[in-house]
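Below: one structure, written as structure tokens.
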Amino acid sequence: MDITHGTVSPAESTVYRLAGVSKIYRKGGREIPAVRDLDLEIKAGEWLAVQGKTGHGKTTLLQLLGGLDRPTRGRLDFSGRDLAKAAESDVRKVRASSFGFIFQTFNLIPTLTAAENVEAALVPLGVPHARRRERVGKALDSVGLADRAQHLPAELSGGQQQRVAIARALVKEPRVLLADEPTGNLDEDTRDEIIALLDTLWRERGLTLILVTHDSAIARRAQRIGVMSRGCLTIRQDTRA
Amino acid sequence: MFFLTYLRRELRRRMRQAIFIALGLAIGIGLVITVMGASAGVKAAQAKVLRALYGIGTDVTVTTKPKPPSSRPTTGQATGPGPGGNGGHATVCLNGKCYTSGTIDTLVSGNYGALSAATAAKIASLHHVSAAAAGLLLTDNRIVLPKTSSSQLQPPTSTSVDGTDISHPKLGPLSNASLTKGRTFTSADADANVAVVDANYATAHKLKVGSAVTVASKKFTIVGIVTQPQAGSPPEVYIPLQRAQALAVDPATGKSMKSEVNTVYVTAASAADIGAVQKEIQHLLPQATVTSSSDLASEITGSAASAAKLAGALGRWLAVLVLIAAFAVASLLTMAAVARRVPEFGTLKALGWRSGRIVSQVLGESVSTGIIGGALGVGLGFAGVAIIDKIAPKLSATVPSATSGGLQTQVAGPGGTGGPVTGGGPAVSHATIAVPMSASVTVGAIVLAVLLAVAGGLLAGSFGGWRAARLRPAAALTRVA
């Protein structure tokens with residue numbers, strides 16, 4: 001496994017440390033390895049782009065990093081805690097407080113307004129109602145959608161829906177933003193808007209951003225680019241060196 | 001707060017499905033309420049019949065079987081003019097006496113044997129008994145003998161007479177009657193020749209308050225007219241028990257019933273004590289027939305009994321089957337809805353929502369749907385009961401008559417001894433009456449509806465919630481892709 005460290009200062013703390021992580025799916029008696037013996041370190045505030053062909057393990061890696069799934073083997077430390085072995089309730093708490101997810105299909109709840117969709121991310125944190133409203137307003141404002149707070153997802157364009165999803169990911173002030181093809185369903189102009197927004201937020205907030213994309217233009221904005229091939233990750237480029 | 005917002009929005013989004021599930025539950029619950037209402041109506045109709053037989057407060061009645069008549073004829077026998085006749089005049093022999101003219105008016109105990117007058121007091125002292133009242137169910141038989149040999153002997157007439165225990169106005173047949181004119185008995189009437197008559201009898205005989213009615217050849221002044229709601233054969237004339245005892249004759253012995261009664265009406269301390277009361281009385285009076293209202297109910301036949309069986313058996317099972325079907329449909333639809341919302345639940349899990357919170361959201365939605373179904377079901381139940389009230393035909397109830405018992409009389413027609421004119425005698429007779437059925441929605445039915453609605457919602461939600469809880473976030477999100 002070839003791991004190249006980027007421009008992140010060695011003084012910065014390590015957010016993720018993966019050692020020998022594998023994820024193997026079993027289907028019809030066959031073993032399908034999605035991620036193989038992965039060793040990786042990701043520093044706080046780093047932007048890592050992950051590229052690769054469809055079915056080569058990009059999304060699986062993102063799910064492992066986001067505590068949405070567990071490795072079959074290996075150790076996956078997040079801030080010193082092994083998510084591979086932690087209790088489900090602990091992993092859930094980490095998800096609720098530390099990870100913000102952005103999906104290709106936005107994954108907004110269709111019956112809830114933009115503000116309520118963003119608020120949904122604060123529900124598991126037990127934030128009081130008044131404080132929730134305040135934070136939701138700020139989050140929507142930060143993505144330029146303060147005036148669309150009461151709109152349903154169906155009343156918003158694709159780009160606006162993705163902005164709501166970004167606001168939902170950011171409202172809890174996570175340490176890590178995990179984005180899976182966030183521009184995959186958007187036109188070129190909107191894609192650029194969203195990526196510019198993510199770039200700004202990453203810079204301003206010091207987030208750790210892990211972004212899965214097919215788009216090399218987007219990937220080049222990241223500090224490091226990793227390519228997943230047959231479950232193996234190769235760090236190929238430090239674009240910000 | 002967020003829970004309610006989310007719940008409201010989801011119900012609105014899936015309104016068609018929610019309405020479908022709610023309607024299914026509503027039909028099931030409405031049917032249960034309708035069946036319960038109909039069943040309550042049939043039971044009420046039966047209870048009306050029973051109350052009319054033995055009064056509102058009577059839980060148990062105590063009687064004995066009549067003894068066979070003594071060798072001396074206690075029943076009448078008549079011979080008429082003809083070759084085998086007696087000089088052309090009709091002759092009626094009764095209690096050893098033969099009459100050829102005049103009116104023979106006797107007050108006899110027909111269906112039941114005699115009990116000591118002290119029996120009521122003994123029963124009243126039993127542990128589980130609240131009150132006991134004595135009564136005499138009698139028949140006044142009257143035969144008018146023709147004045148001339150050429151006249152035809154008229155069939156005898158019978159009037160049912162109840163010797164009423166004035167000291168216990170809440171027990172016995174009179175307790176269920178409604179006074180339409182005059183007054184009922186007072187304690188001052190205990191030894192007076194006063195009577196209360198049934199309205200139908202009064203109409204048929206053109207009697208009113210102040211008129212006189214003849215019982216056992218004695219004139220009784222009518223002080224009140226009453227109606228009975230429903231009865232197989234309500235007593236036609238009520239007279240004070242003391243007077244009835246003085247005038248009645250026991251056909252078994254041919255003697256006066258001065259210190260005897262033939263029925264004791266008993267109220268148990270509580271409904272739960274009725275069985276114990278029956279046992280205590282049976283122990284006290286081994287020869288007695290101890291009958292509870294449920295025993296009497298089992299003796300009722302006719303469409304009222306058939307309707308009771310229909311409501312109790314077929315109706316109940318039909319309602320249960322419809323409910324099961326409604327619950328199954330609600331559960332399947334909820335599970336299907338959860339299947340469609342897998343990506344949504346996956347997203348919520350990714351946001352850090354607890355499985356329990358997602359399950360409670362699903363349960364909340366299905367219980368809300370259930371409650372809407374329950375409310376609709378109560379409405380349907382009311383409608384069903386109203387329809388039954390409108391279209392239900394009158395039920396017929398064939399009940400054992402408590403007051404019948406005529407004089408067994410044989411009349412000799414012209415040309416020799418004849419056949420019987422009236423039957424009855426000591427055998428228990430039956431009467432068929434029409435009972436209006438009035439179905440009603442009870443509080444119990446509404447409470448049951450609410451419970452069923454919540455249960456239906458919980459059941460449907462549990463399946464869906466269980467499915468949602470089992471979802472792994474990654475698997476759920478993969479469905480999005």
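Convention: chains lettered A, B, ... in structure tokens order; per-chain residue numbering from 1; ligands numbered from 1 as shown.
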Inset, instruction - May I have the residues within 9 Å of range 46-48 of chain A as a list in words, using only C-alpha atoms and disregarding those fewer than 2 positions away in the same chain? - result: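 Residues meeting the cut-off are Gly6, Thr7, Val8, Ile42, Lys43, Ala44, Val50, Trp202, Gly206, Leu207, Thr208, Leu209, Ile210, Leu211, Val212, Ala219, Arg221, Ala222, Gln223, Arg224, Ile225 and Gly226 of chain A.
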Using N, CA and C atoms, can you export the residues from the last selection as a compact mmCIF listing (two decimals), in the first residue's frame?
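Saved to selection.txt:
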# COMPACT_ATOMS: atom_id res chain seq x y z
N GLY A 6 0.44 14.36 2.62
CA GLY A 6 0.29 15.62 1.92
C GLY A 6 0.98 16.75 2.65
N THR A 7 0.42 17.93 2.45
CA THR A 7 1.05 19.14 2.98
C THR A 7 0.64 19.45 4.41
N VAL A 8 -0.18 18.59 4.98
CA VAL A 8 -0.63 18.85 6.33
C VAL A 8 0.56 18.82 7.26
N ILE A 42 -5.16 10.26 8.16
CA ILE A 42 -5.74 11.52 7.67
C ILE A 42 -5.63 12.52 8.82
N LYS A 43 -5.04 13.65 8.50
CA LYS A 43 -4.82 14.68 9.52
C LYS A 43 -6.05 15.57 9.66
N ALA A 44 -6.15 16.21 10.80
CA ALA A 44 -7.25 17.15 11.02
C ALA A 44 -7.11 18.32 10.05
N VAL A 50 -11.06 11.13 -3.09
CA VAL A 50 -10.92 9.71 -3.43
C VAL A 50 -11.57 9.50 -4.79
N TRP A 202 -14.53 24.58 3.88
CA TRP A 202 -13.37 23.80 4.36
C TRP A 202 -12.28 24.73 4.89
N GLY A 206 -11.94 24.91 8.92
CA GLY A 206 -10.89 23.97 9.29
C GLY A 206 -11.36 22.54 9.35
N LEU A 207 -12.32 22.23 8.50
CA LEU A 207 -12.89 20.88 8.48
C LEU A 207 -11.92 19.87 7.87
N THR A 208 -12.08 18.64 8.25
CA THR A 208 -11.44 17.55 7.52
C THR A 208 -12.45 17.13 6.47
N LEU A 209 -12.06 17.20 5.20
CA LEU A 209 -13.01 16.91 4.12
C LEU A 209 -12.53 15.69 3.35
N ILE A 210 -13.38 14.71 3.30
CA ILE A 210 -13.07 13.51 2.51
C ILE A 210 -14.14 13.42 1.44
N LEU A 211 -13.73 13.54 0.21
CA LEU A 211 -14.67 13.70 -0.88
C LEU A 211 -14.45 12.63 -1.94
N VAL A 212 -15.48 11.88 -2.21
CA VAL A 212 -15.42 10.86 -3.26
C VAL A 212 -15.95 11.49 -4.54
N ALA A 219 -11.35 16.84 -7.89
CA ALA A 219 -10.34 16.14 -7.08
C ALA A 219 -9.06 16.98 -6.96
N ARG A 221 -8.74 19.99 -6.47
CA ARG A 221 -8.84 21.01 -5.44
C ARG A 221 -8.39 20.46 -4.07
N ALA A 222 -8.38 19.13 -3.94
CA ALA A 222 -8.04 18.52 -2.65
C ALA A 222 -6.54 18.57 -2.40
N GLN A 223 -6.13 18.41 -1.12
CA GLN A 223 -4.71 18.38 -0.79
C GLN A 223 -4.07 17.10 -1.27
N ARG A 224 -4.86 16.03 -1.11
CA ARG A 224 -4.35 14.74 -1.55
C ARG A 224 -5.42 14.05 -2.38
N ILE A 225 -4.96 13.28 -3.33
CA ILE A 225 -5.90 12.49 -4.13
C ILE A 225 -5.52 11.02 -3.97
N GLY A 226 -6.50 10.26 -3.57
CA GLY A 226 -6.28 8.82 -3.48
C GLY A 226 -7.11 8.13 -4.55
Legend entry - Neighbours of chain B in chain A at 8 Å, counting only C-alpha atoms, as JSON, numbers by chain: {"A": [63, 68, 69, 92, 93, 94, 95, 96, 97, 100, 101, 105, 107, 108, 109, 111, 112, 120, 121, 123, 124]}
Store the residues of this selection in a file with C-alpha atoms, as a compact mmCIF listing (two decimals), in the first residue's frame.
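Okay, selection-v1.txt is ready:
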# COMPACT_ATOMS: atom_id res chain seq x y z
CA GLN A 63 -18.95 4.45 4.86
CA LEU A 68 -21.89 3.67 8.74
CA ASP A 69 -20.33 0.25 8.40
CA ARG A 92 -23.88 6.39 16.63
CA LYS A 93 -22.87 9.17 19.02
CA VAL A 94 -19.72 9.81 17.01
CA ARG A 95 -21.79 9.93 13.83
CA ALA A 96 -24.23 12.34 15.43
CA SER A 97 -21.59 14.74 16.74
CA GLY A 100 -21.32 15.41 8.43
CA PHE A 101 -22.52 13.49 5.38
CA THR A 105 -28.80 12.13 -4.19
CA ASN A 107 -31.12 12.44 0.76
CA LEU A 108 -33.40 15.15 2.06
CA ILE A 109 -36.62 14.11 3.80
CA THR A 111 -41.93 16.03 3.65
CA LEU A 112 -39.78 18.36 5.73
CA ALA A 120 -33.07 16.85 11.82
CA ALA A 121 -29.28 16.71 12.23
CA VAL A 123 -32.28 16.14 16.99
CA PRO A 124 -29.92 13.35 18.17
Inset, instruction - Just give me the gap between CA of Leu31 in chain B and CA of Ile446 in chain B in Å, one decimal is fine. - result: 12.0 Å
Inset, instruction - Return as a ChimeraX atom specification the full set of residues in range 8-222 of chain A whose backbone-based DSSP assignment is helix (DSSP H, G or I). - result: /A:58-65,88-98,114-119,123-125,129-142,146-148,153-155,158-170,188-205,216-219
Legend entry - Neighbour list for Ile24 in chain A as a count of residues only, cut-off 8 Å, only C-alpha atoms, skip fewer than 4 positions in-chain: 7
Would you mind listing what lies within 8 Å of Gly210 in chain B as a PDB file with N, CA and C atoms, in the first residue's frame, with only C-alpha atoms counted and same-chain residues fewer than 4 positions away left out?
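Okay, part.pdb is ready:
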ATOM      1  N   THR B 221    -111.606  -2.789  44.874  1.00  0.00           N
ATOM      2  CA  THR B 221    -111.650  -1.461  44.252  1.00  0.00           C
ATOM      3  C   THR B 221    -110.316  -1.183  43.554  1.00  0.00           C
ATOM      4  N   ILE B 222    -110.418  -0.786  42.310  1.00  0.00           N
ATOM      5  CA  ILE B 222    -109.186  -0.504  41.549  1.00  0.00           C
ATOM      6  C   ILE B 222    -108.638   0.854  41.987  1.00  0.00           C
ATOM      7  N   VAL B 223    -107.367   0.849  42.472  1.00  0.00           N
ATOM      8  CA  VAL B 223    -106.739   2.108  42.907  1.00  0.00           C
ATOM      9  C   VAL B 223    -105.698   2.591  41.897  1.00  0.00           C
TER      10      VAL B 223
END
Inset, instruction - Find the spatial neighbours of range 172-187 of chain B, counting only C-alpha atoms, within a cut-off of 9 Å - ignore same-chain residues fewer than 4 positions away - and output them as a PyMOL selection string. - result: chain B and resi 51-58+133-135+162+164-168+194-196+198-199+208-210+222-229+234-235+238-240+264-266
Inset, instruction - Check the smallest atom-to-atom distance from each of A:Lys138, A:Arg191, A:Arg203, A:Arg175 to Gly158 in chain A using only C-alpha atoms, then report the winner. - result: A:Arg191
Inset, instruction - With a distance cut-off of 8 Å and only C-alpha atoms, select the neighbouring residues of Leu122 in chain A, excluding the residue or stretch itself and same-chain residues fewer than 4 positions from it, and output the selection as a PyMOL selection string. - result: chain A and resi 118+126-127+132+171-172
Legend entry - Glu181 in chain A surroundings by only C-alpha atoms, 7 Å radius, close-in-sequence under 6 positions cut, as a PyMOL selection string: chain A and resi 103-104+212-213
Inset, instruction - Please measure the separation of CA of Glu260 in chain B and CA of Ala212 in chain B, giving the value in Å to one decimal. - result: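 Rounded to one decimal, the two atoms are 26.0 Å apart.
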Legend entry - Distance of CA of Ala18 in chain B from CA of Glu365 in chain B, expressed in Å to one decimal place: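 Between CA of Glu365 in chain B and CA of Ala18 in chain B the gap works out to 8.9 Å.
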